[in-house]
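The structure appears below as structure tokens.
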Protein chains: 2
Amino acid sequence: MTVTLKDVATLAGVSVKTVSNVVNGYAFVKPENRRRVEEALATTGYRPNVGARNLRRGRTGFLALMVPELSIPYFGELAGLVITAAQKRGWSVLIEQTQGTRSRERATLASLGSHLVDGALVHPEALQASDFPDLAGGIPLVLLGEHAVDVPIDHVAIDNVLAAKTAVAHLASLGRRRIAAIGRNPWRGTSEQRLAGYRVALSEAGLSYEDSLVAPAEKYHRAHGAAAMKTLLALPSPPDAVFCFNDLLAIGALRALAEVGLRVPEDVAIVGFDNNEESAFSLPALTTIAPDKAALAEAAIDLVHRRVSGSSPVAPEDIQTPFSLEIRESTAGPGSWLSIPPPPG
Amino acid sequence: MTVTLKDVATLAGVSVKTVSNVVNGYAFVKPENRRRVEEALATTGYRPNVGARNLRRGRTGFLALMVPELSIPYFGELAGLVITAAQKRGWSVLIEQTQGTRSRERATLASLGSHLVDGALVHPEALQASDFPDLAGGIPLVLLGEHAVDVPIDHVAIDNVLAAKTAVAHLASLGRRRIAAIGRNPWRGTSEQRLAGYRVALSEAGLSYEDSLVAPAEKYHRAHGAAAMKTLLALPSPPDAVFCFNDLLAIGALRALAEVGLRVPEDVAIVGFDNNEESAFSLPALTTIAPDKAALAEAAIDLVHRRVSGSSPVAPEDIQTPFSLEIRESTAGPGSWLSIPPPPG
DNA sequence: GTGAAAGCGCTAACAG
DNA sequence: CTGTTAGCGCTTTCAC
């Protein structure tokens, strides 16, 4: 049924070592033997058993990627890039979804210790610092995105405070005076950081911070953005601009505004965060903070790779990847409505 | 460094067999021994080596999922569901991206033979029938979605012809007479099937088929939908309704329409296909064919599971999972603009 | 009930 | 250059 190295060796009339050499591309094999082995390989249809190989080599060839949910555009896009980056290093990626709950995040982290992955990229949502100590069985971990916890583990993300500040400064530069925010959530590290950036930009623009202008969001989904926008609109003095902590919230806000007949950006300008692919096509197209997701994926893979192959225990690294402000119709006015992204390829 | 069964056995003063029995929950172990083993397990922090276990057991515990791109919402959503369904059966999922190219699809299929997965869910885009013969090394395969090829392999999908017919019939029932389509593409099985359903609905509504009303789309992305919509609008007699072969194309069409100042659905009604999460929030919200993706994922996992554990070679199955027509603003008129999906949870 | 030993398929010394 | 041999960590007959 399943053909092994030994079978091939017997058929070719050589030892397993020789077959192994051929299979692994070892240079010095007598041409005559090589020919016979290759023939046997072909006729038997031999396929190496990667599991056995890895057991022997002490590595698994797998990497885990822990994210809340693949159906969230940001994570779908990120996962795709991680898989591509990992592939270049010979890794296959195993994806674990946690729904952003602490218990599932803990469970996932614990399961990582079972020697089935060489390392893991972890995008926590609710994990606490106390959850980390050797929970992952000592395999190399890289933390992705902003996190509330402070643990000595490799980490890669964009500068969230600066990014949020950039977004809000853009709104202020447009002459907006009542700039709201959507996405306050004490459980999320990102929320704290983006809120901090928001406040900095406000004060630099000479605007005062007003607590009622910061709407909470339990989750960062479209529906929550719409609901939050509605509460903002019900304020005695509603905002003329809103910084949403991610694009999904912004898309929801766009919809809530359309439903009450307010125009974007004329009445209310909107800025998002993440630059999901869909945000370039919303009506109006969304101005947003665009993290370089590919750079983030590459940096993370590079980091695990160094940990896995590196012997010297160096201090945890904290890498910041670039971002940019993508200005589109939701803050730029109707003039740009003529610009449609050209079909790629 | 890494603690093995043997280490635990030594510490507990028993044999590896006994430890193995405890670890695997074998019932008949002398209480005294069980206690000592559990203690040793705890103090050493033993984690089973899943790879070794699987090598011995002859299974890997992994499943592969082959899709074009995770950044495409449909596949992100589907992958999330597949991972969840696979987990219930004790499988971890390995995701392979092919970008929809035949060469990468072939390569992925070939790599499946390396004994690292117990089975695979394959969503082909460009694969030919000739690519299949034992390319996957004889592991159980389940084909996902519609495919042009006719191979004797398990298959699960919705009834594409019927779904397309349903969508177009809905448009016709609204009184639309010039119903166009976007997404013609001879390389895609889905395209052929949806086109067939489109034609059936047209003739049943007493409308004649017109070749110029079927716009091609090289890829099914938003930008291609926008471009196709523009060519349709340039027709001497433009359409008053469009059936888009997926939601992404429809979102693009919505944008192209907005740019020239046409109203949806008053001037042109739009129907999509896939029911991406974003489609419930577009402006206007998109009427679309909603496949039951969770049912699809469950059915596929169930099928591989039966193949993997089943010994009797039964004939390939062809399972059809349910779908529905989700009627929203893009065909329902502005009346429903007040209905916003409530925040989940 | 539990120990000893074989071996899953492969790679890596180590001889020759 | 190539054969022999010893495991990687685990499960599993087969005795005791």
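Labeling convention for the structure tokens: chains A, B, ... as they appear, residues from 1 per chain, ligands from 1 in order of appearance.
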Discussion item. If DSSP is run on the backbone, what residues of segment 59-266 of chain B are strand (DSSP E or B)? A reply as an NGL selection string would be ideal.
Written reply: :B and (62-67 or 92-97 or 119-122 or 141-144 or 154-157 or 179-184 or 214-216 or 241-244)
Practice prompt. Could you please tell me, as a PyMOL selection string, which residues of chain A have an atom within 10 Å of chain C when using only C-alpha atoms (C1' of nucleotides)?
Written response: chain A and resi 3-6+16-17+20-21+48-57
Item to complete: Just need the residues of chain D within 8 Å of chain B, counting only C-alpha atoms (C1' of nucleotides), so spit them out as a PyMOL selection string.
Response: chain D and resi 9-11
Distance cut-off 8 Å, counting only C-alpha atoms - which residues of chain A neighbour chain B? Return them as a PDB file with N, CA and C atoms, in the first residue's frame.
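The resulting file, selection-v1.pdb, is reproduced below:
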```pdb
ATOM      1  N   ARG A  47       6.582   8.555  -2.005  1.00  0.00           N
ATOM      2  CA  ARG A  47       6.393   9.902  -1.437  1.00  0.00           C
ATOM      3  C   ARG A  47       6.972   9.865  -0.031  1.00  0.00           C
ATOM      4  N   PRO A  48       7.896  10.750   0.259  1.00  0.00           N
ATOM      5  CA  PRO A  48       8.480  10.732   1.602  1.00  0.00           C
ATOM      6  C   PRO A  48       7.427  10.966   2.677  1.00  0.00           C
ATOM      7  N   ASN A  49       7.609  10.340   3.804  1.00  0.00           N
ATOM      8  CA  ASN A  49       6.719  10.552   4.944  1.00  0.00           C
ATOM      9  C   ASN A  49       7.283  11.700   5.764  1.00  0.00           C
ATOM     10  N   VAL A  50       6.717  12.858   5.527  1.00  0.00           N
ATOM     11  CA  VAL A  50       7.217  14.065   6.169  1.00  0.00           C
ATOM     12  C   VAL A  50       7.191  13.990   7.698  1.00  0.00           C
ATOM     13  N   GLY A  51       6.180  13.323   8.204  1.00  0.00           N
ATOM     14  CA  GLY A  51       6.066  13.189   9.656  1.00  0.00           C
ATOM     15  C   GLY A  51       7.261  12.453  10.244  1.00  0.00           C
ATOM     16  N   ALA A  52       7.597  11.341   9.629  1.00  0.00           N
ATOM     17  CA  ALA A  52       8.723  10.545  10.109  1.00  0.00           C
ATOM     18  C   ALA A  52      10.018  11.346   9.983  1.00  0.00           C
ATOM     19  N   LEU A  55      10.130  13.883  12.701  1.00  0.00           N
ATOM     20  CA  LEU A  55      10.335  13.277  14.021  1.00  0.00           C
ATOM     21  C   LEU A  55      11.833  13.088  14.211  1.00  0.00           C
ATOM     22  N   THR A  60       9.073  20.063  13.125  1.00  0.00           N
ATOM     23  CA  THR A  60       7.806  19.566  12.613  1.00  0.00           C
ATOM     24  C   THR A  60       7.452  20.121  11.243  1.00  0.00           C
ATOM     25  N   GLU A  69     -10.758  35.274  14.498  1.00  0.00           N
ATOM     26  CA  GLU A  69     -11.689  34.722  13.519  1.00  0.00           C
ATOM     27  C   GLU A  69     -11.205  35.012  12.111  1.00  0.00           C
ATOM     28  N   LEU A  70     -11.213  34.009  11.283  1.00  0.00           N
ATOM     29  CA  LEU A  70     -10.761  34.175   9.909  1.00  0.00           C
ATOM     30  C   LEU A  70     -11.771  34.951   9.065  1.00  0.00           C
ATOM     31  N   SER A  71     -13.005  34.990   9.519  1.00  0.00           N
ATOM     32  CA  SER A  71     -14.029  35.674   8.729  1.00  0.00           C
ATOM     33  C   SER A  71     -13.919  37.195   8.869  1.00  0.00           C
ATOM     34  N   ILE A  72     -13.118  37.654   9.816  1.00  0.00           N
ATOM     35  CA  ILE A  72     -12.889  39.089   9.926  1.00  0.00           C
ATOM     36  C   ILE A  72     -11.843  39.460   8.880  1.00  0.00           C
ATOM     37  N   PRO A  73     -12.182  40.392   7.991  1.00  0.00           N
ATOM     38  CA  PRO A  73     -11.312  40.682   6.856  1.00  0.00           C
ATOM     39  C   PRO A  73      -9.844  40.895   7.228  1.00  0.00           C
ATOM     40  N   GLY A  76      -8.313  37.542   7.804  1.00  0.00           N
ATOM     41  CA  GLY A  76      -8.251  36.761   6.576  1.00  0.00           C
ATOM     42  C   GLY A  76      -7.092  37.229   5.722  1.00  0.00           C
ATOM     43  N   GLU A  77      -6.981  38.535   5.585  1.00  0.00           N
ATOM     44  CA  GLU A  77      -5.898  39.089   4.777  1.00  0.00           C
ATOM     45  C   GLU A  77      -4.536  38.783   5.402  1.00  0.00           C
ATOM     46  N   LEU A  78      -4.456  38.988   6.706  1.00  0.00           N
ATOM     47  CA  LEU A  78      -3.196  38.736   7.404  1.00  0.00           C
ATOM     48  C   LEU A  78      -2.788  37.268   7.303  1.00  0.00           C
ATOM     49  N   ALA A  79      -3.740  36.379   7.518  1.00  0.00           N
ATOM     50  CA  ALA A  79      -3.444  34.946   7.467  1.00  0.00           C
ATOM     51  C   ALA A  79      -2.905  34.553   6.095  1.00  0.00           C
ATOM     52  N   GLY A  80      -3.517  35.096   5.063  1.00  0.00           N
ATOM     53  CA  GLY A  80      -3.043  34.796   3.715  1.00  0.00           C
ATOM     54  C   GLY A  80      -1.588  35.197   3.545  1.00  0.00           C
ATOM     55  N   ILE A  83       0.770  32.880   5.583  1.00  0.00           N
ATOM     56  CA  ILE A  83       0.964  31.588   4.919  1.00  0.00           C
ATOM     57  C   ILE A  83       1.989  31.712   3.804  1.00  0.00           C
ATOM     58  N   THR A  84       1.848  32.786   3.028  1.00  0.00           N
ATOM     59  CA  THR A  84       2.779  33.005   1.928  1.00  0.00           C
ATOM     60  C   THR A  84       4.210  33.198   2.440  1.00  0.00           C
ATOM     61  N   SER A  92       4.504  25.030   6.850  1.00  0.00           N
ATOM     62  CA  SER A  92       3.075  25.010   6.599  1.00  0.00           C
ATOM     63  C   SER A  92       2.418  25.641   7.813  1.00  0.00           C
ATOM     64  N   VAL A  93       1.320  26.321   7.575  1.00  0.00           N
ATOM     65  CA  VAL A  93       0.679  27.034   8.670  1.00  0.00           C
ATOM     66  C   VAL A  93      -0.635  26.402   9.118  1.00  0.00           C
ATOM     67  N   LEU A  94      -0.742  26.250  10.410  1.00  0.00           N
ATOM     68  CA  LEU A  94      -1.908  25.694  11.072  1.00  0.00           C
ATOM     69  C   LEU A  94      -2.655  26.845  11.702  1.00  0.00           C
ATOM     70  N   ILE A  95      -3.922  27.011  11.366  1.00  0.00           N
ATOM     71  CA  ILE A  95      -4.629  28.157  11.924  1.00  0.00           C
ATOM     72  C   ILE A  95      -5.573  27.771  13.052  1.00  0.00           C
ATOM     73  N   GLU A  96      -5.471  28.497  14.133  1.00  0.00           N
ATOM     74  CA  GLU A  96      -6.333  28.254  15.292  1.00  0.00           C
ATOM     75  C   GLU A  96      -7.175  29.492  15.531  1.00  0.00           C
ATOM     76  N   GLN A  97      -8.476  29.310  15.666  1.00  0.00           N
ATOM     77  CA  GLN A  97      -9.364  30.442  15.924  1.00  0.00           C
ATOM     78  C   GLN A  97      -9.799  30.457  17.386  1.00  0.00           C
ATOM     79  N   GLY A 113       2.159  23.288  23.052  1.00  0.00           N
ATOM     80  CA  GLY A 113       3.293  22.573  23.622  1.00  0.00           C
ATOM     81  C   GLY A 113       3.446  21.146  23.131  1.00  0.00           C
ATOM     82  N   SER A 114       2.489  20.667  22.375  1.00  0.00           N
ATOM     83  CA  SER A 114       2.502  19.264  21.986  1.00  0.00           C
ATOM     84  C   SER A 114       3.424  18.929  20.827  1.00  0.00           C
ATOM     85  N   HIS A 115       4.480  19.682  20.716  1.00  0.00           N
ATOM     86  CA  HIS A 115       5.509  19.379  19.721  1.00  0.00           C
ATOM     87  C   HIS A 115       4.989  19.300  18.303  1.00  0.00           C
ATOM     88  N   LEU A 116       3.823  19.858  18.055  1.00  0.00           N
ATOM     89  CA  LEU A 116       3.393  19.736  16.666  1.00  0.00           C
ATOM     90  C   LEU A 116       3.672  20.970  15.843  1.00  0.00           C
ATOM     91  N   GLY A 137       4.778  25.651  26.269  1.00  0.00           N
ATOM     92  CA  GLY A 137       5.782  24.601  26.251  1.00  0.00           C
ATOM     93  C   GLY A 137       7.138  25.038  25.742  1.00  0.00           C
ATOM     94  N   ARG A 222     -19.158  45.424  12.110  1.00  0.00           N
ATOM     95  CA  ARG A 222     -19.911  46.476  11.419  1.00  0.00           C
ATOM     96  C   ARG A 222     -21.151  46.917  12.198  1.00  0.00           C
ATOM     97  N   ALA A 223     -21.874  45.935  12.693  1.00  0.00           N
ATOM     98  CA  ALA A 223     -23.120  46.268  13.383  1.00  0.00           C
ATOM     99  C   ALA A 223     -22.865  47.123  14.624  1.00  0.00           C
ATOM    100  N   HIS A 224     -21.756  46.867  15.286  1.00  0.00           N
ATOM    101  CA  HIS A 224     -21.447  47.642  16.481  1.00  0.00           C
ATOM    102  C   HIS A 224     -21.070  49.072  16.121  1.00  0.00           C
ATOM    103  N   ALA A 227     -24.351  50.904  15.524  1.00  0.00           N
ATOM    104  CA  ALA A 227     -25.034  51.217  16.780  1.00  0.00           C
ATOM    105  C   ALA A 227     -24.350  52.378  17.496  1.00  0.00           C
ATOM    106  N   ILE A 251     -17.389  51.139   8.579  1.00  0.00           N
ATOM    107  CA  ILE A 251     -18.385  50.746   7.579  1.00  0.00           C
ATOM    108  C   ILE A 251     -19.782  50.805   8.205  1.00  0.00           C
ATOM    109  N   GLY A 252     -19.864  50.365   9.442  1.00  0.00           N
ATOM    110  CA  GLY A 252     -21.137  50.428  10.160  1.00  0.00           C
ATOM    111  C   GLY A 252     -21.576  51.870  10.361  1.00  0.00           C
ATOM    112  N   ARG A 255     -23.051  53.387   7.287  1.00  0.00           N
ATOM    113  CA  ARG A 255     -24.426  52.958   7.061  1.00  0.00           C
ATOM    114  C   ARG A 255     -25.415  53.712   7.963  1.00  0.00           C
ATOM    115  N   ALA A 258     -25.960  57.103   6.539  1.00  0.00           N
ATOM    116  CA  ALA A 258     -26.782  57.091   5.331  1.00  0.00           C
ATOM    117  C   ALA A 258     -28.252  56.937   5.688  1.00  0.00           C
ATOM    118  N   GLU A 259     -28.508  56.142   6.711  1.00  0.00           N
ATOM    119  CA  GLU A 259     -29.896  55.889   7.078  1.00  0.00           C
ATOM    120  C   GLU A 259     -30.625  57.114   7.599  1.00  0.00           C
ATOM    121  N   GLU A 278     -12.182  45.829   1.309  1.00  0.00           N
ATOM    122  CA  GLU A 278     -13.521  46.354   1.022  1.00  0.00           C
ATOM    123  C   GLU A 278     -13.610  47.865   1.206  1.00  0.00           C
ATOM    124  N   PHE A 281     -13.810  50.296  -1.627  1.00  0.00           N
ATOM    125  CA  PHE A 281     -14.990  50.239  -2.482  1.00  0.00           C
ATOM    126  C   PHE A 281     -16.286  50.647  -1.800  1.00  0.00           C
ATOM    127  N   SER A 282     -16.196  51.015  -0.539  1.00  0.00           N
ATOM    128  CA  SER A 282     -17.424  51.426   0.130  1.00  0.00           C
ATOM    129  C   SER A 282     -17.896  52.736  -0.500  1.00  0.00           C
ATOM    130  N   LEU A 283     -19.131  53.124  -0.193  1.00  0.00           N
ATOM    131  CA  LEU A 283     -19.672  54.371  -0.747  1.00  0.00           C
ATOM    132  C   LEU A 283     -19.983  55.296   0.414  1.00  0.00           C
ATOM    133  N   TRP A 337     -14.631  61.216  -6.252  1.00  0.00           N
ATOM    134  CA  TRP A 337     -15.568  60.143  -6.590  1.00  0.00           C
ATOM    135  C   TRP A 337     -15.334  59.573  -7.983  1.00  0.00           C
ATOM    136  N   LEU A 338     -14.537  60.233  -8.724  1.00  0.00           N
ATOM    137  CA  LEU A 338     -14.290  59.735 -10.077  1.00  0.00           C
ATOM    138  C   LEU A 338     -13.186  58.693 -10.119  1.00  0.00           C
ATOM    139  N   ILE A 340     -11.594  55.417  -9.478  1.00  0.00           N
ATOM    140  CA  ILE A 340     -11.909  54.049  -9.114  1.00  0.00           C
ATOM    141  C   ILE A 340     -10.627  53.236  -9.262  1.00  0.00           C
ATOM    142  N   PRO A 341     -10.332  52.391  -8.302  1.00  0.00           N
ATOM    143  CA  PRO A 341      -9.103  51.604  -8.413  1.00  0.00           C
ATOM    144  C   PRO A 341      -9.144  50.758  -9.676  1.00  0.00           C
ATOM    145  N   PRO A 342      -8.067  50.749 -10.445  1.00  0.00           N
ATOM    146  CA  PRO A 342      -8.039  49.942 -11.675  1.00  0.00           C
ATOM    147  C   PRO A 342      -7.992  48.459 -11.325  1.00  0.00           C
ATOM    148  N   PRO A 343      -8.554  47.618 -12.194  1.00  0.00           N
ATOM    149  CA  PRO A 343      -8.489  46.172 -11.941  1.00  0.00           C
ATOM    150  C   PRO A 343      -7.036  45.731 -11.883  1.00  0.00           C
ATOM    151  N   PRO A 344      -6.659  45.014 -10.833  1.00  0.00           N
ATOM    152  CA  PRO A 344      -5.282  44.520 -10.749  1.00  0.00           C
ATOM    153  C   PRO A 344      -5.057  43.470 -11.825  1.00  0.00           C
TER     154      PRO A 344
END
```
Discussion item. Would you pick out the contacts of Arg194 of chain A at 8 Å or less, using only C-alpha atoms (C1' of nucleotides), so that residues sharing its chain but fewer than 2 positions from it are not included, and give the list as a VMD selection string?
Written reply: chain A and resid 160 to 161 163 to 165 190 to 192 196 to 198 245
Fill in: Non-local contacts of Leu296 of chain B (10 Å; only C-alpha atoms (C1' of nucleotides); under 4 positions in same chain excluded) as a PyMOL selection string
chain B and resi 78+81-82+144-145+156-158+291-292+300-302+319-323
Output C-alpha atoms of each residue in that selection to a file, as a compact mmCIF listing (two decimals), in the first residue's frame.
```
# COMPACT_ATOMS: atom_id res chain seq x y z
CA LEU B 78 -15.45 29.26 4.63
CA LEU B 81 -16.10 27.32 9.34
CA VAL B 82 -14.02 24.41 8.09
CA LEU B 144 -15.67 21.97 -2.77
CA GLY B 145 -17.74 24.28 -4.94
CA VAL B 156 -20.14 19.08 -2.02
CA ALA B 157 -21.66 22.31 -3.29
CA ILE B 158 -24.94 24.09 -3.67
CA PRO B 291 -25.24 29.46 0.50
CA ASP B 292 -25.33 27.76 3.87
CA ALA B 300 -17.30 18.20 3.64
CA ILE B 301 -15.66 17.32 6.94
CA ASP B 302 -18.18 14.58 7.45
CA ILE B 319 -23.85 16.33 -1.82
CA GLN B 320 -25.90 19.46 -2.34
CA THR B 321 -26.16 21.85 0.56
CA PRO B 322 -28.95 24.41 0.95
CA PHE B 323 -29.02 28.05 -0.05
```
Worksheet entry | Point-to-point distance from atom CA of Glu326 of chain A to atom CA of Ala294 of chain A, Å rounded to tenths |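 Value for the atom CA of Glu326 of chain A-atom CA of Ala294 of chain A distance: 16.2 Å.
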Discussion item. Could you tell me how far atom CA of Gly189 of chain A sits from atom CA of Leu162 of chain A, in Å to one decimal place?
Written reply: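 Taking atom CA of Leu162 of chain A as the start and atom CA of Gly189 of chain A as the end point, the length is 14.5 Å.
Put simply, atom CA of Leu202 of chain A is 12.1 Å away from atom CA of Gly175 of chain A.
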Item to complete: From the DSSP assignment of the backbone, select every residue of segment 163-240 of chain B that is helix (DSSP H, G or I), and format the answer as number ranges by chain.
Response: B: 163-173, 189-204, 211-213, 222-233
Discussion item. Env of Leu171 of chain B: 9 Å cut, atoms = only C-alpha atoms (C1' of nucleotides), seq-sep filter 5 positions within chain, self excluded. Answer as a list in words.
Written reply: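 Final neighbour list, sorted by chain and number: Thr166, Arg176, Arg177, Ile179, Ala241, Val242, Phe243, Ala269, Ile270, Val271 and Thr331 of chain B.
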